[in-house]
Each structure stands twice: as C-alpha cells, then as structure tokens.
>>> print(open('input30.cif').read())   # mmCIF, C-alpha atoms
data_protein
#
loop_
_atom_site.label_atom_id
_atom_site.label_comp_id
_atom_site.auth_asym_id
_atom_site.auth_seq_id
_atom_site.Cartn_x
_atom_site.Cartn_y
_atom_site.Cartn_z
CA MET A 1 -20.01 7.20 -6.64
CA ARG A 2 -21.24 3.61 -6.34
CA ARG A 3 -18.40 2.34 -8.51
CA ALA A 4 -15.92 4.40 -6.51
CA LEU A 5 -17.22 2.88 -3.28
CA VAL A 6 -16.86 -0.65 -4.68
CA ALA A 7 -13.33 0.24 -5.78
CA CYS A 8 -12.54 1.37 -2.23
CA LEU A 9 -13.94 -1.91 -0.89
CA ALA A 10 -11.68 -3.89 -3.23
CA MET A 11 -8.64 -1.83 -2.19
CA ALA A 12 -9.54 -2.19 1.49
CA LEU A 13 -9.71 -5.98 1.27
CA GLY A 14 -6.64 -6.44 -0.92
CA SER A 15 -4.24 -3.65 0.03
CA ALA A 16 -4.75 -3.03 3.75
CA PRO A 17 -3.60 -6.52 4.93
CA ILE A 18 -0.53 -6.15 2.72
CA GLY A 19 0.17 -2.84 4.45
CA VAL A 20 0.05 -4.49 7.88
CA VAL A 21 2.76 -6.97 6.89
CA LEU A 22 4.85 -4.19 5.34
CA MET A 23 4.65 -2.34 8.65
CA LEU A 24 5.63 -5.44 10.66
CA ARG A 25 8.60 -6.08 8.36
CA ARG A 26 9.69 -2.43 8.71
CA MET A 27 9.10 -1.86 5.00
CA SER A 28 6.50 0.90 5.26
CA LEU A 29 8.35 3.15 2.83
CA PHE A 30 8.66 0.26 0.37
CA GLY A 31 5.02 0.73 -0.64
CA GLU A 32 5.67 4.41 -1.35
CA ALA A 33 8.71 3.50 -3.43
CA MET A 34 6.83 0.89 -5.45
CA SER A 35 3.92 3.25 -6.11
CA HIS A 36 6.41 5.44 -7.98
CA ALA A 37 8.26 2.51 -9.52
CA ILE A 38 5.22 1.45 -11.57
CA LEU A 39 5.04 4.86 -13.25
CA PRO A 40 7.44 4.22 -16.18
CA GLY A 41 5.56 1.06 -17.17
CA ALA A 42 2.23 2.87 -16.95
CA ALA A 43 3.70 5.73 -18.97
CA ALA A 44 4.96 3.31 -21.62
CA GLY A 45 1.50 1.73 -21.82
CA PHE A 46 -0.02 5.20 -22.14
CA LEU A 47 2.33 6.13 -24.98
CA VAL A 48 1.47 2.93 -26.85
CA ALA A 49 -2.29 2.76 -26.35
CA GLY A 50 -3.41 5.93 -24.53
CA PHE A 51 -5.52 5.50 -21.40
CA SER A 52 -5.98 1.80 -22.06
CA LEU A 53 -6.56 -0.22 -18.90
CA PRO A 54 -4.78 -3.40 -20.11
CA ALA A 55 -1.78 -1.52 -21.50
CA ILE A 56 -1.28 0.65 -18.41
CA SER A 57 -1.82 -2.28 -16.04
CA ILE A 58 0.56 -4.63 -17.84
CA GLY A 59 3.19 -1.91 -18.13
CA GLY A 60 2.83 -1.02 -14.46
CA VAL A 61 3.16 -4.64 -13.30
CA ILE A 62 6.24 -5.22 -15.45
CA ALA A 63 7.93 -2.01 -14.28
CA GLY A 64 7.11 -2.69 -10.64
CA LEU A 65 8.40 -6.26 -10.76
CA VAL A 66 11.58 -5.18 -12.54
CA VAL A 67 12.31 -2.55 -9.88
CA ALA A 68 11.44 -4.93 -7.02
CA LEU A 69 13.60 -7.75 -8.39
CA ALA A 70 16.49 -5.45 -9.28
CA ALA A 71 16.52 -3.81 -5.86
CA GLY A 72 16.20 -7.18 -4.11
CA ALA A 73 19.01 -8.66 -6.17
CA ALA A 74 21.25 -5.65 -5.47
CA THR A 75 20.60 -6.01 -1.74
CA ARG A 76 21.45 -9.71 -1.68
CA ALA A 77 24.51 -9.35 -3.91
CA THR A 78 26.05 -6.45 -1.95
CA ASP A 79 26.10 -5.11 1.60
CA GLN A 80 23.70 -2.29 0.76
CA ARG A 81 20.54 -2.05 2.85
CA GLU A 82 17.25 -2.91 1.16
CA ASP A 83 15.68 0.49 1.77
CA ALA A 84 18.64 2.21 0.09
CA SER A 85 18.40 -0.06 -2.96
CA PHE A 86 14.68 0.59 -3.34
CA ALA A 87 15.21 4.33 -2.93
CA ALA A 88 17.78 4.38 -5.73
CA PHE A 89 15.72 2.33 -8.18
CA TYR A 90 12.39 4.03 -7.48
CA LEU A 91 13.87 7.51 -7.97
CA MET A 92 15.23 6.47 -11.35
CA ALA A 93 11.88 4.91 -12.26
CA LEU A 94 9.92 7.99 -11.19
CA ALA A 95 12.14 10.30 -13.24
CA LEU A 96 11.92 7.98 -16.25
CA GLY A 97 8.13 7.80 -16.01
CA VAL A 98 7.64 11.57 -15.86
CA THR A 99 10.07 11.98 -18.76
CA LEU A 100 8.19 9.46 -20.90
CA ILE A 101 4.84 11.13 -20.26
CA SER A 102 6.26 14.59 -20.95
CA THR A 103 7.61 13.62 -24.36
CA ARG A 104 4.17 13.01 -25.89
CA GLY A 105 1.61 13.81 -23.22
CA SER A 106 0.22 17.02 -21.81
CA ALA A 107 0.14 18.40 -18.28
CA VAL A 108 -3.36 16.94 -17.94
CA ASP A 109 -2.03 13.47 -18.82
CA VAL A 110 0.73 13.82 -16.23
CA MET A 111 -1.79 14.83 -13.55
CA GLN A 112 -4.09 11.94 -14.50
CA LEU A 113 -1.35 9.33 -14.13
CA LEU A 114 0.09 10.87 -10.97
CA PHE A 115 -3.16 11.49 -9.09
CA GLY A 116 -5.80 9.33 -10.83
CA SER A 117 -9.56 9.79 -10.51
CA VAL A 118 -11.57 7.37 -8.39
CA LEU A 119 -14.83 8.74 -9.81
CA ALA A 120 -13.69 7.75 -13.31
CA VAL A 121 -13.39 4.04 -12.44
CA ASP A 122 -15.39 2.02 -14.98
CA GLU A 123 -16.56 -1.61 -15.03
CA PRO A 124 -13.35 -3.08 -16.54
CA ALA A 125 -11.30 -1.31 -13.85
CA LEU A 126 -13.64 -2.63 -11.16
CA LEU A 127 -13.24 -6.16 -12.50
CA LEU A 128 -9.47 -5.74 -12.45
CA MET A 129 -9.49 -4.42 -8.89
CA GLY A 130 -11.86 -7.12 -7.69
CA GLY A 131 -9.78 -9.83 -9.36
CA VAL A 132 -6.54 -8.49 -7.88
CA SER A 133 -8.15 -8.30 -4.43
CA THR A 134 -9.37 -11.90 -4.68
CA VAL A 135 -6.05 -13.27 -5.90
CA SER A 136 -4.19 -11.26 -3.25
CA LEU A 137 -6.30 -12.64 -0.42
CA LEU A 138 -5.88 -16.22 -1.63
CA ALA A 139 -2.12 -15.86 -2.18
CA PHE A 140 -1.70 -14.06 1.14
CA ALA A 141 -3.51 -16.89 2.93
CA ALA A 142 -1.25 -19.45 1.21
CA ILE A 143 2.02 -17.77 2.27
CA TYR A 144 0.78 -16.30 5.56
CA ARG A 145 2.69 -18.52 8.01
CA PRO A 146 6.06 -18.75 6.24
CA LEU A 147 5.90 -15.02 5.45
CA LEU A 148 5.48 -14.13 9.11
CA VAL A 149 8.19 -16.56 10.18
CA ASP A 150 10.51 -14.99 7.60
CA GLY A 151 9.79 -11.60 9.12
CA PHE A 152 10.40 -12.62 12.74
CA ASP A 153 12.88 -15.52 12.52
CA PRO A 154 14.38 -15.99 9.04
CA ASP A 155 17.05 -18.36 10.34
CA PHE A 156 14.40 -20.83 11.52
CA LEU A 157 12.62 -20.66 8.16
CA ARG A 158 15.91 -21.21 6.37
CA ASP A 159 16.55 -24.36 8.42
CA ALA A 160 12.96 -25.63 8.13
CA ARG A 161 12.12 -24.86 4.50
CA GLY A 162 15.35 -23.82 2.84
CA GLY A 163 14.96 -20.02 3.07
CA GLY A 164 12.30 -17.39 2.67
CA THR A 165 13.44 -15.80 -0.59
CA LEU A 166 10.54 -17.31 -2.55
CA TYR A 167 7.93 -16.08 -0.07
CA HIS A 168 9.57 -12.67 0.05
CA PHE A 169 9.41 -12.23 -3.72
CA VAL A 170 5.82 -13.53 -3.86
CA PHE A 171 4.94 -10.93 -1.26
CA LEU A 172 6.69 -8.20 -3.27
CA GLY A 173 4.64 -9.29 -6.27
CA LEU A 174 1.44 -8.90 -4.25
CA VAL A 175 2.50 -5.38 -3.29
CA VAL A 176 3.09 -4.50 -6.93
CA VAL A 177 -0.19 -5.85 -8.32
CA ASN A 178 -2.20 -4.18 -5.55
CA LEU A 179 -0.52 -0.85 -6.23
CA VAL A 180 -1.22 -1.23 -9.95
CA ALA A 181 -4.88 -1.91 -9.18
CA ALA A 182 -5.07 1.11 -6.85
CA PHE A 183 -3.24 3.14 -9.49
CA GLN A 184 -6.40 3.02 -11.64
CA ALA A 185 -8.31 4.95 -8.97
CA LEU A 186 -5.80 7.04 -7.00
CA GLY A 187 -2.83 7.47 -9.34
CA SER A 188 0.77 6.67 -8.54
CA LEU A 189 1.29 9.30 -5.85
CA MET A 190 -1.62 8.24 -3.63
CA ALA A 191 -2.06 4.57 -4.52
CA VAL A 192 -0.17 3.64 -1.37
CA GLY A 193 -2.50 5.73 0.82
CA LEU A 194 -5.11 3.04 1.47
CA MET A 195 -2.35 0.45 1.83
CA MET A 196 -0.29 2.04 4.60
CA LEU A 197 -2.36 4.61 6.55
CA PRO A 198 -5.07 2.15 7.71
CA ALA A 199 -2.38 -0.40 8.60
CA LEU A 200 -0.51 2.18 10.67
CA ALA A 201 -3.74 3.21 12.40
CA ALA A 202 -4.74 -0.39 13.15
CA ARG A 203 -1.63 -1.10 15.24
CA TYR A 204 -2.86 1.31 17.93
CA TRP A 205 -6.08 -0.65 18.50
CA THR A 206 -4.95 -4.25 18.83
CA ARG A 207 -1.94 -6.42 19.66
CA SER A 208 -3.30 -9.36 17.68
CA LEU A 209 -2.08 -9.76 14.11
CA ILE A 210 -5.43 -11.10 12.92
CA GLY A 211 -7.11 -8.19 14.67
CA ALA A 212 -4.75 -5.75 12.98
CA LEU A 213 -5.51 -7.22 9.54
CA ALA A 214 -9.26 -6.91 10.14
CA ALA A 215 -8.97 -3.43 11.67
CA ALA A 216 -6.84 -2.18 8.77
CA SER A 217 -9.41 -3.36 6.21
CA GLY A 218 -12.24 -1.79 8.24
CA ILE A 219 -10.44 1.55 8.58
CA ALA A 220 -9.62 1.55 4.86
CA LEU A 221 -13.25 0.92 3.93
CA LEU A 222 -14.47 3.58 6.37
CA SER A 223 -11.94 6.04 4.94
CA GLY A 224 -13.16 5.35 1.42
CA TYR A 225 -16.81 5.79 2.37
CA CYS A 226 -16.30 8.96 4.43
CA GLY A 227 -13.85 10.44 1.93
CA LEU A 228 -16.30 9.98 -0.93
CA LEU A 229 -19.15 11.41 1.16
CA VAL A 230 -17.15 14.50 2.15
CA SER A 231 -15.87 15.03 -1.38
CA PHE A 232 -19.42 14.89 -2.75
CA HIS A 233 -20.90 17.41 -0.32
CA ALA A 234 -17.87 19.72 -0.09
CA ASP A 235 -17.00 19.54 -3.81
CA LEU A 236 -13.47 18.25 -3.12
CA PRO A 237 -11.30 15.89 -5.20
CA SER A 238 -12.26 12.37 -4.17
CA GLY A 239 -8.85 10.65 -4.15
CA PRO A 240 -7.14 13.17 -1.87
CA ALA A 241 -10.24 13.29 0.36
CA ILE A 242 -10.07 9.51 0.86
CA VAL A 243 -6.37 9.58 1.72
CA LEU A 244 -6.84 12.60 4.00
CA PHE A 245 -9.58 10.78 5.90
CA ALA A 246 -7.28 7.76 6.25
CA GLY A 247 -4.65 10.15 7.61
CA PHE A 248 -7.22 11.58 10.02
CA ALA A 249 -8.02 8.04 11.20
CA TYR A 250 -4.31 7.50 11.81
CA LEU A 251 -4.01 10.69 13.88
CA VAL A 252 -7.06 9.75 15.97
CA SER A 253 -5.61 6.28 16.53
CA LEU A 254 -2.22 7.74 17.43
CA VAL A 255 -3.79 9.90 20.13
CA ALA A 256 -6.81 7.92 21.39
CA GLY A 257 -6.10 4.30 20.45
CA ARG A 258 -5.69 1.50 22.98
CA GLN A 259 -1.92 1.79 22.48
CA GLY A 260 -2.01 5.54 21.79
CA LEU A 261 -0.53 8.60 23.44
CA VAL A 262 -3.37 9.13 25.93
CA ARG A 263 -3.13 5.54 27.18
CA LEU A 264 0.66 5.76 27.49
CA TRP A 265 0.36 9.04 29.39
CA GLN A 266 -2.15 7.50 31.80
CA GLU A 267 0.11 4.48 32.38
CA ARG A 268 3.08 6.76 33.13
CA ARG A 269 1.03 8.76 35.63
CA HIS A 270 -0.08 5.52 37.29
CA LEU A 271 3.50 4.29 37.60
CA GLU A 272 4.67 7.63 38.99
CA ALA A 273 1.87 7.56 41.57
#
>>> encode(input="input30.cif", output="structure tokens")
Amino acid sequence: MRRALVACLAMALGSAPIGVVLMLRRMSLFGEAMSHAILPGAAAGFLVAGFSLPAISIGGVIAGLVVALAAGAATRATDQREDASFAAFYLMALALGVTLISTRGSAVDVMQLLFGSVLAVDEPALLLMGGVSTVSLLAFAAIYRPLLVDGFDPDFLRDARGGGTLYHFVFLGLVVVNLVAAFQALGSLMAVGLMMLPALAARYWTRSLIGALAAASGIALLSGYCGLLVSFHADLPSGPAIVLFAGFAYLVSLVAGRQGLVRLWQERRHLEA
C-alpha cells in the first residue's frame, strides 16, 4: 500500500499537468488513444522477456512514439484531422497488441497488461515512475511558454521561433512516457485515468492555468489516496477504485465547482431577476 501511494504521487506530479495541457489543446481523447497505442510494444516486450519492467517499458515507449509520429505525420501531410489520424492508428495498435498477447499468453496475462495492478508495484517500477515524473516536470517547465503559445496562437510562434512542431512532438513524447510509467500500475486501459480526470475536474475550480496545474495534481493525489483506502477496507480492486474516485471528483467539480452547474444556475437566476 505504501508503494502504491508513492506510485500515485509520482503519477499525480507527472501526469496531471500533462492532462491539463491536453485539455486546453482539445486533445483529451489523445491520451486515451495513446494509452492503447503503447500496448503492442508492451506485448512485444512481454513475449520476449515476460513481465520484465525494462522490456515492457522500452517496447511501450517505442510503440507509443511510432504511433504518435505516424499520426502526426499523416495529419501534416494530408487534410485529415489529427483526432481522426490518432483514432485510426491507435485502433490498429490496440488490435495488434491484443493479438500478440493472445498468441503466447493466457487470459490472465491479457488482463494484467490491460488493467495492471497498482499493489504489485515494486521498487524498480517506483524508480522508473519517479524518474519519469522528474524528467517530465523539468521538460514541461522548459517548453511551457512556447507550448502554450503554440496552443493559443501558433501563427505568432511560427513567426517568432520558426514553428511549434518541435515543441508539439516533445509534448507528445512526454504524454507517451507518462502513460508508459502509469501502465506499470494501472494497465493500458486505465493509465490515462489519473492524467485526464483530475485535469478535467480542476478546470471547474480555477481560471488560472497555474492554479489548474496545481489543482489537477492535488486532485490526482487525493484520488490515489482515497481510492487505495476504499479498496483496502471494501476489498475492491485498487486501480479501478482510484480511477472511480477521480471520476467522482470530476462529477463533484462539475456540479459544485466555482465554474460548475450550480454556480451557472445561480448566475442565470440573478440575470433573470
């Protein structure tokens, strides 16, 4: 449980700020797509070395980067929208990953890779997750300003620095490595849970971007702590409990947040009066 809580802390610090930027860039479903896109690489690593952390991590990073670069290149070379390109490539990757696991693995192996087990996180996995979180925060700080300018005014960035393609692909790389790190604890299907749900909840509490980044990390950490606590006392699977609590935090924020439904309803009543 202590290791699982530290893993949740690492994911909260590394993944949640990435989720806020994905939301601002209208790429929320990109995280979901990439969480499936890493599956064939993880499956290939599993077939080569079993449940080996280095093999699965390296395979996942390679597969995720290949899908991200291929989808990005297809978008820039044609008139197809970016979300459509990612949908096409991630569906192929997901099908390939499940096929690879099924050829030599069992149903238990498939469930392990798809859903993970946060209570099975060991010290090497914690070191990986902590290292990824540290590198992500440093890289995110380095590209913070040009990344935001690229999201709001890409023409200005193109004139000032020659385009935002480099920053965009660096950001995509950060998404991939954070999903691979979360994959060790939550599996491919729920790795994106602590990346997007806290970010979506945070937007209802603040209009400041810095505030949203801090709120997303705080909500992610609270979701990890409460999810683990509930799973322990109610004998529930820990990963789904964590993501469900993050979803509960989103619903509460949607209704009762400073920018939520109750506040909007009160403002409408005030204007009508």
>>> residues_around(input="input30.cif", residues="Leu229 in chain A", least_positions_apart="6", cutoff="10 Å", atoms="all atoms listed in the file", output="PyMOL selection string")
chain A and resi 1+5+223+235-236+238+241-242
>>> atom_distance(input="input30.cif", atom1="CA of Ala191 in chain A", atom2="CA of Leu174 in chain A")
13.9 Å
>>> closest_atom_pairs(input="input30.cif", of="range 52-74 of chain A", to="range 119-130 of chain A", cutoff="10 Å", atoms="all atoms listed in the file", output="JSON lines")
{"residue": "A:Leu53", "atom": "CA", "partner": "A:Ala125", "partner_atom": "CA", "distance": 7.0}
{"residue": "A:Pro54", "atom": "CA", "partner": "A:Ala125", "partner_atom": "CA", "distance": 9.3}
{"residue": "A:Ser57", "atom": "CA", "partner": "A:Leu128", "partner_atom": "CA", "distance": 9.1}
>>> write_last_selection(input="input30.cif", atoms="C-alpha atoms", output="PDB file, in the frame of the given file")
ATOM      1  CA  LEU A  53      -6.560  -0.220 -18.900  1.00  0.00           C
ATOM      2  CA  PRO A  54      -4.780  -3.400 -20.110  1.00  0.00           C
ATOM      3  CA  SER A  57      -1.820  -2.280 -16.040  1.00  0.00           C
TER       4      SER A  57
END
>>> residues_around(input="input30.cif", residues="Gly31 in chain A", least_positions_apart="2", cutoff="8 Å", atoms="all atoms listed in the file", output="ChimeraX atom specification")
/A:19,22,27-29,33-35,175,192,195-196
>>> closest_atom_pairs(input="input30.cif", of="range 30-56 of chain A", to="range 80-101 of chain A", cutoff="9 Å", atoms="only C-alpha atoms", output="tab-separated table")
residue	atom	partner	partner_atom	distance
A:Phe30	CA	A:Phe86	CA	7.1
A:Ala33	CA	A:Tyr90	CA	5.5
A:Met34	CA	A:Tyr90	CA	6.7
A:Ser35	CA	A:Tyr90	CA	8.6
A:His36	CA	A:Leu94	CA	5.4
A:Ala37	CA	A:Tyr90	CA	4.9
A:Ile38	CA	A:Ala93	CA	7.5
A:Leu39	CA	A:Gly97	CA	5.1
A:Pro40	CA	A:Gly97	CA	3.6
A:Gly41	CA	A:Gly97	CA	7.3
A:Ala42	CA	A:Gly97	CA	7.7
A:Ala43	CA	A:Ile101	CA	5.7
A:Ala44	CA	A:Leu100	CA	7.0
A:Phe46	CA	A:Ile101	CA	7.9
A:Leu47	CA	A:Ile101	CA	7.3
>>> resolve_selection(input="input30.cif", expression="the PyMOL selection byres ((chain A and resi 250) around 7)", output="CSV table (one decimal) with C-alpha atoms, keeping the file's coordinate frame")
chain,number,residue,atom,x,y,z
A,197,LEU,CA,-2.4,4.6,6.6
A,198,PRO,CA,-5.1,2.2,7.7
A,200,LEU,CA,-0.5,2.2,10.7
A,201,ALA,CA,-3.7,3.2,12.4
A,246,ALA,CA,-7.3,7.8,6.2
A,247,GLY,CA,-4.6,10.2,7.6
A,248,PHE,CA,-7.2,11.6,10.0
A,249,ALA,CA,-8.0,8.0,11.2
A,251,LEU,CA,-4.0,10.7,13.9
A,252,VAL,CA,-7.1,9.8,16.0
A,253,SER,CA,-5.6,6.3,16.5
A,254,LEU,CA,-2.2,7.7,17.4
>>> closest_residue(input="input30.cif", among="A:Val243, A:Ala214, A:Ala10, A:Leu261", to="Leu228 in chain A", atoms="all atoms listed in the file")
A:Val243
>>> residues_near_point(input="input30.cif", point="(7.5, -5.2, -19.0)", cutoff="10 Å", atoms="all atoms listed in the file", output="list in words")
Pro40, Gly41, Ala42, Ala44, Gly45, Ile58, Gly59, Gly60, Val61, Ile62, Ala63, Gly64, Leu65 and Val66 of chain A
>>> atom_distance(input="input30.cif", atom1="CA of Phe183 in chain A", atom2="CA of Phe51 in chain A")
12.4 Å
>>> resolve_selection(input="input30.cif", expression="the PyMOL selection byres ((chain A and resi 11) around 8)", output="ChimeraX atom specification")
/A:7-10,12-16,129,133,178,181-182,194-195,220
>>> atom_distance(input="input30.cif", atom1="CA of Ser102 in chain A", atom2="CA of Gly173 in chain A")
28.1 Å
>>> closest_residue(input="input30.cif", among="A:Met23, A:Leu222, A:Leu69, A:Leu138", to="His168 in chain A", atoms="all atoms listed in the file")
A:Leu69
>>> closest_residue(input="input30.cif", among="A:Arg207, A:Arg263, A:Arg25, A:Arg258", to="Leu147 in chain A", atoms="only C-alpha atoms")
A:Arg25
>>> decode(input="input30.cif", residues="range 92-103 of chain A", atoms="N, CA, C and O atoms", output="PDB file, in the first residue's frame")
ATOM      1  N   MET A  92      -5.550   0.258 -34.685  1.00  0.00           N
ATOM      2  CA  MET A  92      -4.687  -0.783 -35.236  1.00  0.00           C
ATOM      3  C   MET A  92      -3.698  -1.280 -34.194  1.00  0.00           C
ATOM      4  O   MET A  92      -3.433  -2.486 -34.071  1.00  0.00           O
ATOM      5  N   ALA A  93      -3.140  -0.353 -33.407  1.00  0.00           N
ATOM      6  CA  ALA A  93      -2.174  -0.735 -32.376  1.00  0.00           C
ATOM      7  C   ALA A  93      -2.825  -1.585 -31.297  1.00  0.00           C
ATOM      8  O   ALA A  93      -2.249  -2.576 -30.831  1.00  0.00           O
ATOM      9  N   LEU A  94      -4.034  -1.212 -30.871  1.00  0.00           N
ATOM     10  CA  LEU A  94      -4.732  -1.981 -29.844  1.00  0.00           C
ATOM     11  C   LEU A  94      -5.006  -3.402 -30.323  1.00  0.00           C
ATOM     12  O   LEU A  94      -4.760  -4.373 -29.598  1.00  0.00           O
ATOM     13  N   ALA A  95      -5.502  -3.534 -31.548  1.00  0.00           N
ATOM     14  CA  ALA A  95      -5.784  -4.863 -32.088  1.00  0.00           C
ATOM     15  C   ALA A  95      -4.502  -5.688 -32.210  1.00  0.00           C
ATOM     16  O   ALA A  95      -4.488  -6.883 -31.888  1.00  0.00           O
ATOM     17  N   LEU A  96      -3.418  -5.053 -32.652  1.00  0.00           N
ATOM     18  CA  LEU A  96      -2.148  -5.763 -32.779  1.00  0.00           C
ATOM     19  C   LEU A  96      -1.639  -6.218 -31.416  1.00  0.00           C
ATOM     20  O   LEU A  96      -1.150  -7.340 -31.257  1.00  0.00           O
ATOM     21  N   GLY A  97      -1.756  -5.364 -30.402  1.00  0.00           N
ATOM     22  CA  GLY A  97      -1.283  -5.721 -29.076  1.00  0.00           C
ATOM     23  C   GLY A  97      -2.030  -6.901 -28.488  1.00  0.00           C
ATOM     24  O   GLY A  97      -1.418  -7.832 -27.947  1.00  0.00           O
ATOM     25  N   VAL A  98      -3.364  -6.880 -28.582  1.00  0.00           N
ATOM     26  CA  VAL A  98      -4.154  -7.999 -28.057  1.00  0.00           C
ATOM     27  C   VAL A  98      -3.839  -9.278 -28.816  1.00  0.00           C
ATOM     28  O   VAL A  98      -3.756 -10.365 -28.237  1.00  0.00           O
ATOM     29  N   THR A  99      -3.635  -9.160 -30.135  1.00  0.00           N
ATOM     30  CA  THR A  99      -3.293 -10.341 -30.931  1.00  0.00           C
ATOM     31  C   THR A  99      -1.954 -10.922 -30.503  1.00  0.00           C
ATOM     32  O   THR A  99      -1.805 -12.151 -30.366  1.00  0.00           O
ATOM     33  N   LEU A 100      -0.956 -10.066 -30.287  1.00  0.00           N
ATOM     34  CA  LEU A 100       0.357 -10.550 -29.871  1.00  0.00           C
ATOM     35  C   LEU A 100       0.295 -11.270 -28.526  1.00  0.00           C
ATOM     36  O   LEU A 100       0.900 -12.335 -28.342  1.00  0.00           O
ATOM     37  N   ILE A 101      -0.436 -10.694 -27.580  1.00  0.00           N
ATOM     38  CA  ILE A 101      -0.537 -11.335 -26.263  1.00  0.00           C
ATOM     39  C   ILE A 101      -1.259 -12.666 -26.373  1.00  0.00           C
ATOM     40  O   ILE A 101      -0.876 -13.661 -25.734  1.00  0.00           O
ATOM     41  N   SER A 102      -2.294 -12.733 -27.194  1.00  0.00           N
ATOM     42  CA  SER A 102      -3.109 -13.941 -27.297  1.00  0.00           C
ATOM     43  C   SER A 102      -2.361 -15.097 -27.931  1.00  0.00           C
ATOM     44  O   SER A 102      -2.701 -16.258 -27.691  1.00  0.00           O
ATOM     45  N   THR A 103      -1.336 -14.804 -28.743  1.00  0.00           N
ATOM     46  CA  THR A 103      -0.629 -15.885 -29.419  1.00  0.00           C
ATOM     47  C   THR A 103       0.154 -16.764 -28.453  1.00  0.00           C
ATOM     48  O   THR A 103       0.231 -17.975 -28.625  1.00  0.00           O
TER      49      THR A 103
END
